[in-house]
Amino acid sequence: MTHRKPFVAGNWKMNLDRRSAVDLVARMREHLGSRTDVDVAVFPPAVYLDEVGRAVAGSPIRFGGQNCCDEEAGAFTGEISAAMLSDVGCPLVLLGHSERRHVYGETDELVQRKVGVALGHGLEVVLCVGETIEEREGGKTEEVCRRQLTAGLSGVAEGDMPRITIAYEPVWAIGTGHTATPAQAGEAHGYLRGLASGLYGEGVASGVRILYGGSVKPDNVAELMAVPDIDGALVGGASLKAELFLPIMDLGKH
Ligand code: 13P
């Protein structure tokens, strides 16, 4: 079986300020030391990317944008391009987050274009998918995951798959405290890996990391990580405080 290194990422969303962002990454950096058993990343608000980039330089902590524009450059007020993320040294970008899809109306087609532009600029993409509570209760979880994943990956060549991480984030679990059970998450992750296998073959699919996101906390991360197809966590609220995020970075083992 392919070894997939655990990957823990903090999506700060529209939170923290310059000072608390830098303090938080300093705590993370100190805690992580030179450990290489887990990959760690943060997704700060765009205005703090440069500063956070400097604060993590020389450490194993990586950072990325929470979104990018599907266009290369030009008259797109308020947008940030993939080239700009790359220019400030970001290795990563988060795309298709449920808040982008549901609050800002991003469609599968838009997310697909963003994935293409981001890969074109050398970024690694964390592609988020997940169903709403209505979709789950209507028995549509797999249909929604299939639609979002196949659209998001539709322009991605097999050779670019090492730069793709999938994040399964059921919308009903985000910020609600209603974490998916390990069984629910495991079922969705297994389904997503099966889809990736159908698209790219088992060899590629077995190397793709699939993160779980939605009310991950220090006391539930270990049971989630014990599920074979769960390769890490994408953490919102609990990534904002060192006392919560550091134990999550340890995968709840200490
Ligand atoms: P919470 O951890 O706050 O539920 O947020 C999850 C999320 O949306 C991460 O991208």
# chains A, B, ... in the order shown; residues from 1 in each chain; ligands from 1
>>> residues_near_ligand(ligand="ligand 1", cutoff="6 Å", atoms="only C-alpha atoms and all ligand atoms", output="list in words")
Asn11, Ala173, Ile174, Gly175, Gly213, Gly214, Ser215, Val216, Leu234, Val235, Gly236, Gly237 and Ala238 of chain A
>>> write_last_selection(atoms="C-alpha atoms", output="tab-separated table (two decimals), in the first residue's frame")
chain	number	residue	atom	x	y	z
A	11	ASN	CA	-8.01	27.32	6.91
A	173	ALA	CA	-20.20	19.58	9.56
A	174	ILE	CA	-18.46	22.90	8.91
A	175	GLY	CA	-18.47	25.21	11.92
A	213	GLY	CA	-12.81	18.85	7.15
A	214	GLY	CA	-15.74	19.81	9.35
A	215	SER	CA	-15.52	20.45	13.11
A	216	VAL	CA	-12.17	18.67	13.53
A	234	LEU	CA	-8.58	20.61	6.94
A	235	VAL	CA	-9.35	22.60	10.07
A	236	GLY	CA	-11.30	25.85	10.38
A	237	GLY	CA	-12.19	27.15	13.85
A	238	ALA	CA	-9.72	24.97	15.74
>>> residues_around(residues="Glu158 in chain A", least_positions_apart="5", cutoff="9 Å", atoms="only C-alpha atoms", output="PyMOL selection string")
chain A and resi 199-200+204
>>> closest_residue(among="A:Gly252, A:Pro60, A:Pro44, A:Gly130", to="Gly96 in chain A", atoms="only C-alpha atoms")
A:Gly130
>>> residues_around(residues="Ile61 in chain A", least_positions_apart="2", cutoff="7 Å", atoms="only C-alpha atoms", output="ChimeraX atom specification")
/A:40-41,56,59,63
>>> atom_distance(atom1="CA of Arg209 in chain A", atom2="CA of Asp231 in chain A")
5.5 Å
>>> closest_atom_pairs(of="range 156-199 of chain A", to="range 102-120 of chain A", cutoff="10 Å", atoms="only C-alpha atoms", output="Markdown table")
| residue | atom | partner | partner_atom | distance |
| --- | --- | --- | --- | --- |
| A:Val156 | CA | A:Gly116 | CA | 7.0 |
| A:Ala157 | CA | A:Gly116 | CA | 9.8 |
| A:Asp160 | CA | A:Leu119 | CA | 7.6 |
| A:Met161 | CA | A:Leu119 | CA | 9.9 |
| A:Arg163 | CA | A:Leu119 | CA | 7.8 |
| A:Ile164 | CA | A:Leu119 | CA | 8.9 |
| A:Val171 | CA | A:His102 | CA | 9.2 |
>>> write_last_selection(atoms="C-alpha atoms", output="mmCIF file, in the first residue's frame")
data_model
loop_
_atom_site.group_PDB
_atom_site.id
_atom_site.type_symbol
_atom_site.label_atom_id
_atom_site.label_comp_id
_atom_site.auth_asym_id
_atom_site.auth_seq_id
_atom_site.Cartn_x
_atom_site.Cartn_y
_atom_site.Cartn_z
ATOM 1 C CA VAL A 156 -6.215 17.749 -14.759
ATOM 2 C CA ALA A 157 -3.672 15.529 -16.519
ATOM 3 C CA ASP A 160 -0.440 16.783 -12.397
ATOM 4 C CA MET A 161 -2.244 14.548 -9.900
ATOM 5 C CA ARG A 163 -0.158 18.306 -7.031
ATOM 6 C CA ILE A 164 -3.784 17.618 -6.106
ATOM 7 C CA VAL A 171 -21.203 21.353 4.561
#
>>> select_by_dssp(residues="range 88-123 of chain A", states="alpha helix (DSSP H)", output="list of chain:residue names")
A:Ser98, A:Glu99, A:Arg100, A:Arg101, A:His102, A:Asp108, A:Glu109, A:Leu110, A:Val111, A:Gln112, A:Arg113, A:Lys114, A:Val115, A:Gly116, A:Val117, A:Ala118, A:Leu119, A:Gly120
>>> write_last_selection(atoms="all heavy atoms", output="CSV table (one decimal), in the first residue's frame")
chain,number,residue,atom,x,y,z
A,98,SER,N,-16.6,25.1,0.4
A,98,SER,CA,-18.0,25.2,0.4
A,98,SER,C,-18.5,26.7,0.6
A,98,SER,O,-19.6,27.0,0.1
A,98,SER,CB,-18.6,24.3,1.4
A,98,SER,OG,-18.6,24.9,2.7
A,99,GLU,N,-17.7,27.5,1.3
A,99,GLU,CA,-18.2,28.9,1.5
A,99,GLU,C,-18.1,29.6,0.1
A,99,GLU,O,-18.9,30.5,-0.2
A,99,GLU,CB,-17.4,29.5,2.6
A,99,GLU,CG,-17.8,29.0,3.9
A,99,GLU,CD,-16.8,28.8,5.0
A,99,GLU,OE1,-15.7,29.5,4.9
A,99,GLU,OE2,-17.0,28.0,5.9
A,100,ARG,N,-17.1,29.3,-0.7
A,100,ARG,CA,-17.0,29.9,-2.0
A,100,ARG,C,-18.2,29.4,-2.9
A,100,ARG,O,-18.8,30.1,-3.6
A,100,ARG,CB,-15.7,29.5,-2.7
A,100,ARG,CG,-14.4,30.0,-2.0
A,100,ARG,CD,-14.3,31.5,-1.8
A,100,ARG,NE,-14.8,32.3,-2.9
A,100,ARG,CZ,-14.9,33.6,-2.8
A,100,ARG,NH1,-14.6,34.3,-1.7
A,100,ARG,NH2,-15.3,34.3,-3.9
A,101,ARG,N,-18.5,28.1,-2.8
A,101,ARG,CA,-19.5,27.5,-3.6
A,101,ARG,C,-20.9,28.1,-3.1
A,101,ARG,O,-21.7,28.5,-3.9
A,101,ARG,CB,-19.6,26.0,-3.5
A,101,ARG,CG,-18.4,25.3,-4.1
A,101,ARG,CD,-18.5,23.8,-3.9
A,101,ARG,NE,-17.3,23.0,-4.2
A,101,ARG,CZ,-17.0,22.5,-5.4
A,101,ARG,NH1,-17.9,22.7,-6.4
A,101,ARG,NH2,-15.9,21.8,-5.7
A,102,HIS,N,-21.2,28.0,-1.8
A,102,HIS,CA,-22.5,28.3,-1.3
A,102,HIS,C,-22.8,29.8,-1.0
A,102,HIS,O,-23.9,30.3,-1.0
A,102,HIS,CB,-22.9,27.4,-0.2
A,102,HIS,CG,-22.9,25.9,-0.6
A,102,HIS,ND1,-23.8,25.4,-1.5
A,102,HIS,CD2,-22.0,24.9,-0.4
A,102,HIS,CE1,-23.6,24.2,-1.8
A,102,HIS,NE2,-22.5,23.8,-1.1
A,108,ASP,N,-19.3,24.5,-10.4
A,108,ASP,CA,-18.3,23.5,-10.7
A,108,ASP,C,-17.4,23.9,-11.9
A,108,ASP,O,-16.2,23.7,-11.9
A,108,ASP,CB,-19.0,22.2,-11.1
A,108,ASP,CG,-19.7,21.5,-10.0
A,108,ASP,OD1,-19.3,21.7,-8.8
A,108,ASP,OD2,-20.7,20.8,-10.2
A,109,GLU,N,-18.0,24.6,-12.9
A,109,GLU,CA,-17.2,25.0,-14.0
A,109,GLU,C,-16.2,26.1,-13.6
A,109,GLU,O,-15.0,26.1,-14.1
A,109,GLU,CB,-18.1,25.6,-15.1
A,109,GLU,CG,-19.1,24.6,-15.8
A,109,GLU,CD,-20.1,24.1,-14.8
A,109,GLU,OE1,-20.6,24.8,-13.9
A,109,GLU,OE2,-20.5,22.9,-14.9
A,110,LEU,N,-16.6,27.0,-12.8
A,110,LEU,CA,-15.7,28.0,-12.3
A,110,LEU,C,-14.5,27.4,-11.5
A,110,LEU,O,-13.3,27.7,-11.7
A,110,LEU,CB,-16.4,29.1,-11.4
A,110,LEU,CG,-15.5,30.2,-10.9
A,110,LEU,CD1,-15.0,31.1,-12.1
A,110,LEU,CD2,-16.3,31.1,-10.0
A,111,VAL,N,-14.9,26.5,-10.6
A,111,VAL,CA,-13.8,25.8,-9.8
A,111,VAL,C,-12.9,25.1,-10.8
A,111,VAL,O,-11.7,25.1,-10.6
A,111,VAL,CB,-14.5,24.8,-8.8
A,111,VAL,CG1,-13.4,24.0,-8.0
A,111,VAL,CG2,-15.3,25.6,-7.8
A,112,GLN,N,-13.4,24.4,-11.8
A,112,GLN,CA,-12.6,23.7,-12.7
A,112,GLN,C,-11.6,24.6,-13.4
A,112,GLN,O,-10.4,24.3,-13.5
A,112,GLN,CB,-13.5,23.0,-13.8
A,112,GLN,CG,-12.7,22.3,-14.8
A,112,GLN,CD,-13.5,22.2,-16.2
A,112,GLN,OE1,-14.7,22.3,-16.2
A,112,GLN,NE2,-12.7,22.2,-17.2
A,113,ARG,N,-12.0,25.8,-13.8
A,113,ARG,CA,-11.1,26.8,-14.5
A,113,ARG,C,-10.1,27.2,-13.5
A,113,ARG,O,-8.9,27.4,-13.8
A,113,ARG,CB,-11.9,28.0,-15.0
A,113,ARG,CG,-12.7,27.6,-16.2
A,113,ARG,CD,-13.0,28.9,-17.1
A,113,ARG,NE,-13.8,29.9,-16.3
A,113,ARG,CZ,-15.1,29.9,-16.1
A,113,ARG,NH1,-15.8,28.9,-16.6
A,113,ARG,NH2,-15.7,30.8,-15.4
A,114,LYS,N,-10.5,27.4,-12.2
A,114,LYS,CA,-9.5,27.9,-11.2
A,114,LYS,C,-8.4,26.8,-11.0
A,114,LYS,O,-7.2,27.1,-10.9
A,114,LYS,CB,-10.2,28.2,-9.9
A,114,LYS,CG,-11.1,29.4,-10.0
A,114,LYS,CD,-11.7,29.7,-8.6
A,114,LYS,CE,-12.5,31.0,-8.7
A,114,LYS,NZ,-12.8,31.6,-7.4
A,115,VAL,N,-8.8,25.6,-11.0
A,115,VAL,CA,-7.9,24.5,-10.8
A,115,VAL,C,-6.8,24.5,-12.0
A,115,VAL,O,-5.6,24.4,-11.7
A,115,VAL,CB,-8.6,23.1,-10.8
A,115,VAL,CG1,-7.6,21.9,-10.8
A,115,VAL,CG2,-9.4,23.0,-9.5
A,116,GLY,N,-7.3,24.7,-13.2
A,116,GLY,CA,-6.4,24.7,-14.3
A,116,GLY,C,-5.4,25.9,-14.3
A,116,GLY,O,-4.2,25.7,-14.5
A,117,VAL,N,-5.9,27.0,-13.9
A,117,VAL,CA,-5.0,28.2,-13.8
A,117,VAL,C,-4.0,28.0,-12.7
A,117,VAL,O,-2.8,28.3,-12.9
A,117,VAL,CB,-5.9,29.5,-13.6
A,117,VAL,CG1,-5.0,30.7,-13.3
A,117,VAL,CG2,-6.8,29.8,-14.8
A,118,ALA,N,-4.5,27.5,-11.6
A,118,ALA,CA,-3.6,27.3,-10.4
A,118,ALA,C,-2.5,26.3,-10.8
A,118,ALA,O,-1.3,26.6,-10.5
A,118,ALA,CB,-4.3,26.8,-9.2
A,119,LEU,N,-2.8,25.2,-11.4
A,119,LEU,CA,-1.8,24.2,-11.8
A,119,LEU,C,-0.8,24.8,-12.8
A,119,LEU,O,0.4,24.6,-12.7
A,119,LEU,CB,-2.5,23.0,-12.3
A,119,LEU,CG,-3.2,22.1,-11.3
A,119,LEU,CD1,-4.0,21.0,-12.0
A,119,LEU,CD2,-2.3,21.5,-10.2
A,120,GLY,N,-1.4,25.6,-13.7
A,120,GLY,CA,-0.6,26.3,-14.7
A,120,GLY,C,0.5,27.2,-14.1
A,120,GLY,O,1.5,27.4,-14.7
>>> residues_around(residues="Asp37 in chain A", least_positions_apart="6", cutoff="10 Å", atoms="only C-alpha atoms", output="list of chain:residue names")
A:Lys5, A:Pro6, A:Phe7, A:Asp250
>>> write_last_selection(atoms="N, CA and C atoms", output="compact mmCIF listing (two decimals), in the first residue's frame")
# COMPACT_ATOMS: atom_id res chain seq x y z
N LYS A 5 1.62 10.43 3.59
CA LYS A 5 1.98 11.15 4.81
C LYS A 5 0.80 12.01 5.29
N PRO A 6 0.48 11.98 6.57
CA PRO A 6 -0.63 12.81 7.06
C PRO A 6 -0.39 14.30 6.75
N PHE A 7 -1.47 14.96 6.46
CA PHE A 7 -1.42 16.37 6.08
C PHE A 7 -2.48 17.12 6.89
N ASP A 250 -0.50 17.14 16.01
CA ASP A 250 0.03 15.87 16.54
C ASP A 250 -0.92 14.72 16.28
>>> closest_residue(among="A:Ala222, A:Val47, A:Ile166, A:Ala57", to="Ala196 in chain A", atoms="only C-alpha atoms")
A:Ile166
